[in-house]
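Coordinates as given in coords_13.txt (compact mmCIF, C-alpha atoms):
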# COMPACT_ATOMS: atom_id res chain seq x y z
CA MET A 1 57.13 -28.44 39.50
CA PRO A 2 54.99 -29.75 42.40
CA SER A 3 52.03 -27.64 43.46
CA TYR A 4 51.47 -26.22 46.91
CA GLU A 5 48.80 -28.89 47.60
CA GLN A 6 51.19 -31.70 46.67
CA ILE A 7 53.93 -30.33 48.93
CA ALA A 8 51.48 -29.78 51.80
CA GLY A 9 50.09 -33.31 51.32
CA ARG A 10 53.59 -34.82 51.38
CA VAL A 11 54.54 -32.84 54.52
CA LEU A 12 51.31 -33.97 56.21
CA LEU A 13 52.00 -37.59 55.20
CA VAL A 14 55.53 -37.46 56.61
CA ALA A 15 54.30 -35.83 59.83
CA LEU A 16 51.64 -38.53 60.25
CA ALA A 17 54.22 -41.23 59.54
CA PHE A 18 56.49 -39.83 62.26
CA TRP A 19 53.52 -39.66 64.65
CA ALA A 20 52.57 -43.29 63.87
CA LEU A 21 56.16 -44.43 64.42
CA ALA A 22 56.24 -42.51 67.71
CA MET A 23 53.18 -44.53 68.79
CA ILE A 24 54.66 -47.90 67.75
CA VAL A 25 58.40 -47.77 68.41
CA PRO A 26 58.08 -47.53 72.24
CA ASP A 27 56.31 -50.90 72.23
CA PHE A 28 59.66 -52.49 71.39
CA TYR A 29 60.32 -52.08 75.12
CA ARG A 30 57.79 -54.89 75.64
CA LEU A 31 60.34 -57.26 74.12
CA TYR A 32 62.60 -56.53 77.09
CA GLN A 33 60.01 -55.89 79.80
CA PRO A 34 56.69 -57.70 79.21
CA LEU A 35 53.45 -56.20 80.40
CA GLY A 36 51.42 -57.45 83.34
CA SER A 37 47.81 -58.27 84.01
CA PHE A 38 45.38 -58.03 86.91
CA GLY A 39 44.14 -61.46 85.88
CA PHE A 40 40.48 -60.81 85.20
CA TYR A 41 38.15 -59.70 82.46
CA ALA A 42 35.13 -57.49 83.02
CA ASN A 43 32.52 -56.53 80.46
CA ASN A 44 31.37 -52.94 80.01
CA ASP A 45 28.61 -53.46 82.58
CA GLY A 46 31.30 -54.18 85.17
CA VAL A 47 30.47 -57.89 85.46
CA ILE A 48 33.52 -60.08 86.03
CA THR A 49 33.46 -62.73 83.30
CA ASP A 50 36.84 -64.40 83.89
CA ILE A 51 39.25 -64.50 86.84
CA GLN A 52 42.09 -66.38 85.23
CA GLY A 53 43.02 -63.92 82.50
CA PRO A 54 46.23 -64.73 80.68
CA PHE A 55 47.56 -66.84 83.55
CA LEU A 56 47.88 -70.61 83.29
CA ASN A 57 45.51 -71.31 86.18
CA GLN A 58 43.26 -69.38 88.55
CA THR A 59 45.58 -69.61 91.52
CA ALA A 60 48.25 -67.71 89.56
CA SER A 61 45.82 -64.83 88.92
CA PRO A 62 46.18 -61.75 91.16
CA ALA A 63 42.41 -61.21 90.88
CA PHE A 64 41.59 -64.70 92.14
CA ARG A 65 44.01 -64.34 95.05
CA ALA A 66 42.44 -60.97 95.90
CA GLY A 67 39.00 -62.59 96.17
CA LEU A 68 37.35 -61.76 92.83
CA ARG A 69 35.01 -64.38 91.45
CA VAL A 70 33.11 -64.80 88.17
CA GLY A 71 29.80 -62.96 88.47
CA ASP A 72 31.08 -60.27 90.84
CA ARG A 73 30.30 -56.78 89.61
CA LEU A 74 32.26 -53.55 89.77
CA ASP A 75 30.33 -50.70 91.37
CA LEU A 76 30.55 -48.36 88.39
CA ALA A 77 28.85 -45.50 90.25
CA GLN A 78 31.64 -45.56 92.85
CA MET A 79 34.32 -45.92 90.17
CA ARG A 80 33.14 -43.06 87.98
CA CYS A 81 35.79 -40.81 86.52
CA ILE A 82 34.96 -37.58 88.30
CA PRO A 83 37.56 -36.30 88.93
CA ILE A 84 39.43 -38.03 86.15
CA ARG A 85 42.90 -38.17 87.72
CA THR A 86 42.16 -40.75 90.40
CA LEU A 87 43.33 -44.31 90.93
CA ARG A 88 39.70 -45.49 90.82
CA CYS A 89 39.19 -43.93 87.40
CA ALA A 90 42.44 -45.40 86.07
CA SER A 91 41.46 -48.78 87.53
CA ALA A 92 38.05 -48.66 85.84
CA MET A 93 39.65 -47.80 82.50
CA ALA A 94 42.16 -50.64 82.91
CA ALA A 95 39.48 -53.15 83.93
CA LEU A 96 36.48 -52.61 81.67
CA GLY A 97 35.95 -54.02 78.23
CA GLY A 98 37.87 -57.28 78.14
CA PHE A 99 41.53 -58.17 77.82
CA ARG A 100 43.80 -55.49 79.26
CA LEU A 101 47.53 -55.37 79.79
CA VAL A 102 49.14 -52.91 82.18
CA ALA A 103 52.59 -52.18 83.55
CA ASN A 104 53.96 -54.75 85.98
CA GLN A 105 53.31 -53.90 89.62
CA GLN A 106 50.62 -51.38 88.71
CA ARG A 107 47.99 -51.19 91.43
CA ALA A 108 44.23 -51.17 90.86
CA GLU A 109 41.64 -49.99 93.36
CA LEU A 110 38.35 -51.74 92.63
CA VAL A 111 35.00 -51.13 94.31
CA MET A 112 32.81 -54.21 94.14
CA ALA A 113 29.02 -53.98 94.27
CA THR A 114 26.90 -56.05 96.62
CA ALA A 115 26.12 -59.51 95.24
CA PRO A 116 24.08 -62.40 96.66
CA GLY A 117 26.12 -63.74 99.55
CA ARG A 118 28.89 -61.16 99.05
CA PRO A 119 28.99 -57.68 100.60
CA ALA A 120 30.14 -54.52 98.88
CA ARG A 121 33.89 -54.19 99.29
CA GLU A 122 37.05 -52.54 98.06
CA LEU A 123 39.88 -54.58 96.59
CA ASN A 124 43.45 -53.63 95.81
CA ILE A 125 45.11 -55.76 93.15
CA VAL A 126 48.71 -55.54 91.97
CA ALA A 127 49.39 -56.54 88.36
CA GLU A 128 51.83 -59.37 87.75
CA GLN A 129 53.76 -60.28 84.64
CA ARG A 130 51.68 -62.38 82.31
CA PRO A 131 53.11 -65.69 81.07
CA TYR A 132 55.82 -64.97 78.56
CA ASN A 133 57.80 -67.33 76.33
CA GLY A 134 59.64 -67.43 73.03
CA TRP A 135 56.44 -67.66 70.99
CA VAL A 136 54.99 -64.54 72.59
CA LEU A 137 58.30 -62.75 71.98
CA ALA A 138 58.38 -63.86 68.32
CA VAL A 139 54.79 -62.77 67.63
CA LEU A 140 55.33 -59.42 69.35
CA LEU A 141 58.51 -58.81 67.35
CA LEU A 142 56.79 -59.71 64.06
CA ASP A 143 53.82 -57.47 64.93
CA GLN A 144 56.12 -54.55 65.61
CA ILE A 145 58.11 -55.04 62.42
CA ALA A 146 54.95 -55.43 60.31
CA ALA A 147 53.46 -52.25 61.80
CA MET A 148 56.61 -50.28 61.04
CA LEU A 149 56.77 -51.63 57.49
CA VAL A 150 53.14 -50.63 56.82
CA ILE A 151 53.81 -47.11 58.05
CA LEU A 152 57.04 -46.73 56.12
CA ALA A 153 55.48 -48.16 52.95
CA ALA A 154 52.63 -45.63 53.19
CA ALA A 155 55.09 -42.76 53.57
Any chance you could give the structure as structure tokens?
Amino acid sequence: MPSYEQIAGRVLLVALAFWALAMIVPDFYRLYQPLGSFGFYANNDGVITDIQGPFLNQTASPAFRAGLRVGDRLDLAQMRCIPIRTLRCASAMAALGGFRLVANQQRAELVMATAPGRPARELNIVAEQRPYNGWVLAVLLLDQIAAMLVILAAA
């Protein structure tokens, strides 16, 4: 007869498996509706390191069309997350730290710091769908299936 610890451990494992599936299964929606991108990468200091992002060329990037350039810097003091439920805070979280995908047509409000030859300014960028083809779809589908199999095998 299983002990109380074994039953509690199994219940916890099943609960965690359901939680993990709840985190992964909604991503299947990305097979139908791909995510978008603002078209730039910024490091954690707020420095813009790339303005092409996942797009095939710079002119397709919403960031490039909005006037962002490599070397521009986000004004992190102006974009701080106090209060946390602001568009500026959400924009900072979506922009910092490298490659980010967001919902299509999501808007970002960026505050750019003064740079040599460029004044401080505010930019509004609307995310556009990143390039999407059969290979991206296949990899995404395989990733999702593999993640589900790992979770189910652990349970």
One-decimal distance in Å that lies between CA of Ile84 in chain A and CA of Gly67 in chain A: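 CA of Ile84 in chain A lies 26.5 Å from CA of Gly67 in chain A.
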For CA of Gln33 in chain A and CA of Val102 in chain A, the interatomic separation in Å (one decimal):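 CA of Gln33 in chain A sits 11.5 Å away from CA of Val102 in chain A.
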With all atoms listed in the file as the counted atoms, please give the residues lying no more than 9 Å from range 40-44 of chain A, apart from itself and same-chain residues fewer than 3 positions off, as a CSV table (one decimal) with C-alpha atoms, in the frame of the given file.
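Full text of result.csv as output:
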chain,number,residue,atom,x,y,z
A,37,SER,CA,47.8,-58.3,84.0
A,47,VAL,CA,30.5,-57.9,85.5
A,48,ILE,CA,33.5,-60.1,86.0
A,49,THR,CA,33.5,-62.7,83.3
A,50,ASP,CA,36.8,-64.4,83.9
A,51,ILE,CA,39.2,-64.5,86.8
A,52,GLN,CA,42.1,-66.4,85.2
A,53,GLY,CA,43.0,-63.9,82.5
A,54,PRO,CA,46.2,-64.7,80.7
A,61,SER,CA,45.8,-64.8,88.9
A,62,PRO,CA,46.2,-61.8,91.2
A,63,ALA,CA,42.4,-61.2,90.9
A,64,PHE,CA,41.6,-64.7,92.1
A,68,LEU,CA,37.4,-61.8,92.8
A,70,VAL,CA,33.1,-64.8,88.2
A,73,ARG,CA,30.3,-56.8,89.6
A,74,LEU,CA,32.3,-53.6,89.8
A,95,ALA,CA,39.5,-53.2,83.9
A,96,LEU,CA,36.5,-52.6,81.7
A,97,GLY,CA,36.0,-54.0,78.2
A,98,GLY,CA,37.9,-57.3,78.1
A,99,PHE,CA,41.5,-58.2,77.8
A,100,ARG,CA,43.8,-55.5,79.3
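Of note, CA of Arg130 in chain A and CA of Leu35 in chain A are spaced 6.7 Å apart.
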Option closest in space to Ala147 in chain A, from A:Pro116, A:Asp72, A:Arg65, A:Ala20 [counting all atoms listed in the file]: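 Residue with the minimum atom-to-atom distance to Ala147 in chain A: A:Ala20.
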